[in-house]
There are 2 protein chains.
Amino acid sequence: MLKLSKKADYALIAVRHLAAHGAEHSHSAADIAEAYGISPQLLAKVLQRLAKHGLLTARHGSNGGYQLARHPKNISALEVISAVDGPLMITSCTTNHGTCDQSMTCTVREPLRKVNESILQVLRSVSISQMTEDSPEAELVGLPS
Amino acid sequence: MLKLSKKADYALIAVRHLAAHGAEHSHSAADIAEAYGISPQLLAKVLQRLAKHGLLTARHGSNGGYQLARHPKNISALEVISAVDGPLMITSCTTNHGTCDQSMTCTVREPLRKVNESILQVLRSVSISQMTEDSPEAELVGLPS
DNA sequence: ACTAATACGACCAATACGGTCGTAATATAA
DNA sequence: TTATATTACGACCGTATTGGTCGTATTAGT
């Protein structure tokens, strides 16, 4: 229903947290989870995926945890979301059409592909650092006036 | 996972079909369904919702069916989608925060609300008539260069 | 060694979604 | 005025997806 998963939500929250609270020291999954009342185990899995995709660096052991791998200015919301949820395509059968069932001569595929690309562009244009500063101005993102 | 439902897909296909195939006579749910290999009953329900939201006009009885209620130029993809899937909000807890569980002081809510608004704007900027002409040009929609 | 953390896969439970069925209402045509 | 074609609508079910847990291995610091 065009809604992003809770995992993606959590991922954004966590990454934003890392960006906002000193990019120096690492934060453990448990700490972050507690700060927002999220299940620690679930958040752990989410953070693992983010680390696997190179968005975070992980350190084991005491005083370990996660850190941003890059400057928050260079991490887009899209990266975070698709790291957790997989490639974002708005329909079941865009681009690599992974089973556009029926013949259906799916007439809306092409227009929707463009819409999809636009949404990607929106998400791509939002950086994590933009999300930390809950700027009062800065209305719509990535859109013409 | 930020994907639109099949019902929304079907709705777009059907509305586009009505726009493309003579806005004069009506088309029955069964006819449209057959044309694209969709379950007639399911499509019927979808069309009913579209009619309920004033996007289509319905006529009972023989030679009845559905017609566009407005010129396809004045029907946006957003209207079609949200008629079928309900109001489009990207997170579980945007605007009318219908149960942003936990205290969580959900830090990403505000930034995501803006992203949501941008996506709405993209969808709003795509008209059905735009979807009928599978224009080779006209790349990204609703986005700045 | 002990402990604090990540890593990861298997697994379960709840919800959402796609799809069907049955029945009523309504309009057209014969 | 009867038959037929169609919309209208709610209840229902099976399956797929997702949220969330558990157990265990691994790695690093003290």
# chains A, B, ... in the order shown; residues from 1 in each chain; ligands from 1
$ residues_around --residues "region 61-76 of chain B" --least-positions-apart "5" --cutoff "8 Å" --atoms "only C-alpha atoms (C1' of nucleotides)" --output "JSON, numbers by chain"
{"B": [15, 18, 19, 23, 24, 25, 26, 27, 28, 29, 47, 54, 55, 56, 123, 124, 125, 126, 127, 128, 129, 130], "C": [26, 27, 28, 29], "D": [4, 5, 6, 7]}
$ write_last_selection --atoms "N, CA and C atoms (P, O5', C5', C4', C3', O3' and C1' of nucleotides)" --output "tab-separated table (two decimals), in the first residue's frame"
chain	number	residue	atom	x	y	z
B	15	VAL	N	-8.80	2.49	-15.47
B	15	VAL	CA	-9.10	3.89	-15.75
B	15	VAL	C	-8.41	4.31	-17.05
B	18	LEU	N	-10.41	3.02	-19.89
B	18	LEU	CA	-11.59	3.83	-20.16
B	18	LEU	C	-11.21	5.12	-20.87
B	19	ALA	N	-10.08	5.67	-20.50
B	19	ALA	CA	-9.63	6.91	-21.13
B	19	ALA	C	-9.25	6.67	-22.59
B	23	ALA	N	-14.45	7.55	-24.56
B	23	ALA	CA	-15.08	7.93	-23.31
B	23	ALA	C	-16.60	7.98	-23.47
B	24	GLU	N	-17.07	7.67	-24.66
B	24	GLU	CA	-18.52	7.72	-24.90
B	24	GLU	C	-19.23	6.55	-24.21
B	25	HIS	N	-19.19	5.38	-24.86
B	25	HIS	CA	-19.93	4.25	-24.31
B	25	HIS	C	-19.26	3.70	-23.04
B	26	SER	N	-20.07	3.04	-22.24
B	26	SER	CA	-19.54	2.48	-21.01
B	26	SER	C	-18.97	1.09	-21.28
B	27	HIS	N	-18.11	0.68	-20.37
B	27	HIS	CA	-17.51	-0.64	-20.47
B	27	HIS	C	-17.82	-1.39	-19.18
B	28	SER	N	-18.24	-2.62	-19.31
B	28	SER	CA	-18.56	-3.40	-18.12
B	28	SER	C	-17.28	-3.92	-17.47
B	29	ALA	N	-17.40	-4.17	-16.18
B	29	ALA	CA	-16.26	-4.70	-15.44
B	29	ALA	C	-15.75	-5.98	-16.09
B	47	LEU	N	-13.56	-1.27	-9.36
B	47	LEU	CA	-14.31	-0.26	-10.10
B	47	LEU	C	-15.40	0.35	-9.23
B	54	GLY	N	-16.41	8.88	-6.99
B	54	GLY	CA	-16.76	9.88	-7.98
B	54	GLY	C	-15.83	9.97	-9.18
B	55	LEU	N	-14.96	9.00	-9.31
B	55	LEU	CA	-14.06	9.04	-10.47
B	55	LEU	C	-14.72	8.42	-11.69
B	56	LEU	N	-15.61	7.46	-11.44
B	56	LEU	CA	-16.34	6.84	-12.54
B	56	LEU	C	-17.83	7.01	-12.29
B	123	LEU	N	2.66	12.02	-7.60
B	123	LEU	CA	1.49	11.26	-8.05
B	123	LEU	C	0.38	12.19	-8.52
B	124	ARG	N	0.30	13.32	-7.86
B	124	ARG	CA	-0.75	14.26	-8.19
B	124	ARG	C	-0.50	14.90	-9.55
B	125	SER	N	0.75	14.94	-9.91
B	125	SER	CA	1.12	15.65	-11.15
B	125	SER	C	0.98	14.76	-12.38
B	126	VAL	N	0.67	13.48	-12.15
B	126	VAL	CA	0.52	12.58	-13.29
B	126	VAL	C	-0.95	12.37	-13.58
B	127	SER	N	-1.38	12.79	-14.77
B	127	SER	CA	-2.78	12.61	-15.13
B	127	SER	C	-2.96	11.33	-15.91
B	128	ILE	N	-4.20	10.88	-15.94
B	128	ILE	CA	-4.50	9.66	-16.67
B	128	ILE	C	-4.23	9.84	-18.16
B	129	SER	N	-4.56	11.00	-18.68
B	129	SER	CA	-4.31	11.20	-20.11
B	129	SER	C	-2.82	11.12	-20.40
B	130	GLN	N	-2.02	11.55	-19.45
B	130	GLN	CA	-0.58	11.39	-19.62
B	130	GLN	C	-0.19	9.93	-19.72
C	26	DT	P	-32.27	0.05	-5.46
C	26	DT	O5'	-31.96	0.15	-7.02
C	26	DT	C5'	-30.60	0.10	-7.45
C	26	DT	C4'	-30.53	-0.09	-8.94
C	26	DT	C3'	-31.71	0.48	-9.72
C	26	DT	O3'	-31.18	1.17	-10.83
C	26	DT	C1'	-31.31	-1.70	-10.39
C	27	DA	P	-31.87	2.60	-11.28
C	27	DA	O5'	-31.88	2.39	-12.87
C	27	DA	C5'	-30.64	2.29	-13.55
C	27	DA	C4'	-30.73	1.21	-14.61
C	27	DA	C3'	-31.72	1.52	-15.74
C	27	DA	O3'	-30.96	1.71	-16.92
C	27	DA	C1'	-31.80	-0.76	-15.06
C	28	DT	P	-31.55	2.60	-18.08
C	28	DT	O5'	-31.65	1.56	-19.27
C	28	DT	C5'	-30.52	0.74	-19.59
C	28	DT	C4'	-30.97	-0.57	-20.16
C	28	DT	C3'	-31.93	-0.46	-21.36
C	28	DT	O3'	-31.20	-0.85	-22.52
C	28	DT	C1'	-32.52	-2.23	-19.89
C	29	DA	P	-31.89	-0.71	-23.94
C	29	DA	O5'	-32.50	-2.17	-24.13
C	29	DA	C5'	-31.69	-3.31	-23.86
C	29	DA	C4'	-32.50	-4.58	-24.09
C	29	DA	C3'	-33.45	-4.51	-25.28
C	29	DA	O3'	-33.41	-5.75	-25.97
C	29	DA	C1'	-34.68	-5.02	-23.34
D	4	DT	P	-33.59	-15.34	-19.10
D	4	DT	O5'	-32.52	-14.15	-19.30
D	4	DT	C5'	-32.79	-13.12	-20.26
D	4	DT	C4'	-31.83	-11.96	-20.04
D	4	DT	C3'	-30.47	-12.34	-19.45
D	4	DT	O3'	-29.49	-11.57	-20.09
D	4	DT	C1'	-31.43	-10.66	-18.16
D	5	DA	P	-27.98	-12.12	-20.19
D	5	DA	O5'	-27.14	-10.76	-20.08
D	5	DA	C5'	-27.62	-9.59	-20.73
D	5	DA	C4'	-27.24	-8.37	-19.91
D	5	DA	C3'	-25.83	-8.40	-19.35
D	5	DA	O3'	-25.21	-7.16	-19.65
D	5	DA	C1'	-27.38	-7.94	-17.62
D	6	DT	P	-23.66	-7.05	-19.74
D	6	DT	O5'	-23.34	-6.58	-18.26
D	6	DT	C5'	-23.36	-5.20	-17.99
D	6	DT	C4'	-23.92	-4.90	-16.62
D	6	DT	C3'	-22.91	-4.95	-15.48
D	6	DT	O3'	-22.04	-3.88	-15.55
D	6	DT	C1'	-25.20	-5.43	-14.84
D	7	DT	P	-20.82	-3.87	-14.53
D	7	DT	O5'	-21.39	-3.07	-13.27
D	7	DT	C5'	-21.98	-1.78	-13.46
D	7	DT	C4'	-22.83	-1.40	-12.26
D	7	DT	C3'	-22.03	-1.11	-10.99
D	7	DT	O3'	-22.63	0.00	-10.32
D	7	DT	C1'	-23.56	-2.82	-10.55
$ residues_around --residues "Pro40 (chain A)" --least-positions-apart "6" --cutoff "12 Å" --atoms "only C-alpha atoms (C1' of nucleotides)" --output "ChimeraX atom specification"
/A:10,14,28-34,46-47 /D:20-21
$ interface_residues --of "chain D" --to "chain A" --cutoff "6 Å" --atoms "only C-alpha atoms (C1' of nucleotides)" --output "ChimeraX atom specification"
/D:27-29
$ select_by_dssp --residues "chain A" --states "strand (DSSP E)" --output "JSON, numbers by chain"
{"A": [56, 57, 58, 59, 65, 66, 67, 68]}
$ select_by_dssp --residues "region 14-129 of chain B" --states "helix (DSSP H, G or I)" --output "ChimeraX atom specification"
/B:14-20,29-36,40-52,72-74,77-85,104-106,109-124,128-129
$ atom_distance --atom1 "CA of Ala83 (chain B)" --atom2 "CA of Ala20 (chain B)"
20.3 Å
$ closest_atom_pairs --of "chain C" --to "chain A" --cutoff "6 Å" --atoms "only C-alpha atoms (C1' of nucleotides)" --output "Markdown table"
| residue | atom | partner | partner_atom | distance |
| --- | --- | --- | --- | --- |
| C:DA4 | C1' | A:Ser62 | CA | 4.5 |
| C:DA5 | C1' | A:Gly61 | CA | 4.3 |
| C:DT6 | C1' | A:His60 | CA | 5.3 |
$ write_last_selection --atoms "N, CA and C atoms (P, O5', C5', C4', C3', O3' and C1' of nucleotides)" --output "PDB file, in the first residue's frame"
ATOM      1  P    DA C   4      28.990  -7.963  30.470  1.00  0.00           P
ATOM      2  O5'  DA C   4      29.051  -6.977  29.205  1.00  0.00           O
ATOM      3  C5'  DA C   4      30.191  -6.161  29.002  1.00  0.00           C
ATOM      4  C4'  DA C   4      30.316  -5.861  27.526  1.00  0.00           C
ATOM      5  C3'  DA C   4      29.002  -5.551  26.832  1.00  0.00           C
ATOM      6  O3'  DA C   4      29.183  -4.423  25.980  1.00  0.00           O
ATOM      7  C1'  DA C   4      30.087  -7.322  25.715  1.00  0.00           C
ATOM      8  P    DA C   5      27.937  -3.552  25.557  1.00  0.00           P
ATOM      9  O5'  DA C   5      27.483  -4.293  24.219  1.00  0.00           O
ATOM     10  C5'  DA C   5      27.737  -3.683  23.004  1.00  0.00           C
ATOM     11  C4'  DA C   5      28.360  -4.671  22.037  1.00  0.00           C
ATOM     12  C3'  DA C   5      27.409  -5.177  20.966  1.00  0.00           C
ATOM     13  O3'  DA C   5      27.248  -4.177  19.977  1.00  0.00           O
ATOM     14  C1'  DA C   5      28.973  -6.844  21.662  1.00  0.00           C
ATOM     15  P    DT C   6      25.969  -4.343  19.014  1.00  0.00           P
ATOM     16  O5'  DT C   6      26.604  -5.186  17.825  1.00  0.00           O
ATOM     17  C5'  DT C   6      27.753  -4.688  17.168  1.00  0.00           C
ATOM     18  C4'  DT C   6      28.392  -5.783  16.337  1.00  0.00           C
ATOM     19  C3'  DT C   6      27.597  -6.175  15.090  1.00  0.00           C
ATOM     20  O3'  DT C   6      28.519  -6.431  14.029  1.00  0.00           O
ATOM     21  C1'  DT C   6      27.914  -8.066  16.442  1.00  0.00           C
TER      22       DT C   6
END
$ closest_residue --among "A:Ala51, A:Tyr36, A:Arg16, A:Arg109" --to "chain B" --atoms "only C-alpha atoms"
A:Tyr36
$ residues_around --residues "DG22 (chain C)" --least-positions-apart "5" --cutoff "12 Å" --atoms "only C-alpha atoms (C1' of nucleotides)" --output "ChimeraX atom specification"
/D:9-12
$ write_last_selection --atoms "N, CA and C atoms (P, O5', C5', C4', C3', O3' and C1' of nucleotides)" --output "tab-separated table (two decimals), in the first residue's frame"
chain	number	residue	atom	x	y	z
D	9	DC	P	-22.27	0.38	-2.62
D	9	DC	O5'	-22.15	-0.88	-1.65
D	9	DC	C5'	-23.29	-1.67	-1.35
D	9	DC	C4'	-22.88	-2.92	-0.61
D	9	DC	C3'	-21.52	-2.82	0.08
D	9	DC	O3'	-21.66	-3.29	1.39
D	9	DC	C1'	-21.65	-4.80	-1.10
D	10	DG	P	-20.78	-2.66	2.60
D	10	DG	O5'	-20.93	-3.79	3.71
D	10	DG	C5'	-22.12	-4.57	3.78
D	10	DG	C4'	-21.80	-6.04	3.82
D	10	DG	C3'	-20.63	-6.40	4.73
D	10	DG	O3'	-21.06	-7.40	5.65
D	10	DG	C1'	-20.40	-7.46	2.65
D	11	DA	P	-20.16	-7.72	6.94
D	11	DA	O5'	-19.91	-9.28	6.73
D	11	DA	C5'	-21.00	-10.09	6.31
D	11	DA	C4'	-20.48	-11.44	5.86
D	11	DA	C3'	-19.38	-12.00	6.75
D	11	DA	O3'	-19.63	-13.37	7.00
D	11	DA	C1'	-18.62	-11.89	4.52
D	12	DC	P	-18.78	-14.19	8.08
D	12	DC	O5'	-17.73	-14.98	7.18
D	12	DC	C5'	-18.18	-15.65	6.01
D	12	DC	C4'	-17.00	-15.96	5.13
D	12	DC	C3'	-15.75	-16.43	5.87
D	12	DC	O3'	-15.63	-17.84	5.71
D	12	DC	C1'	-15.27	-15.00	4.02
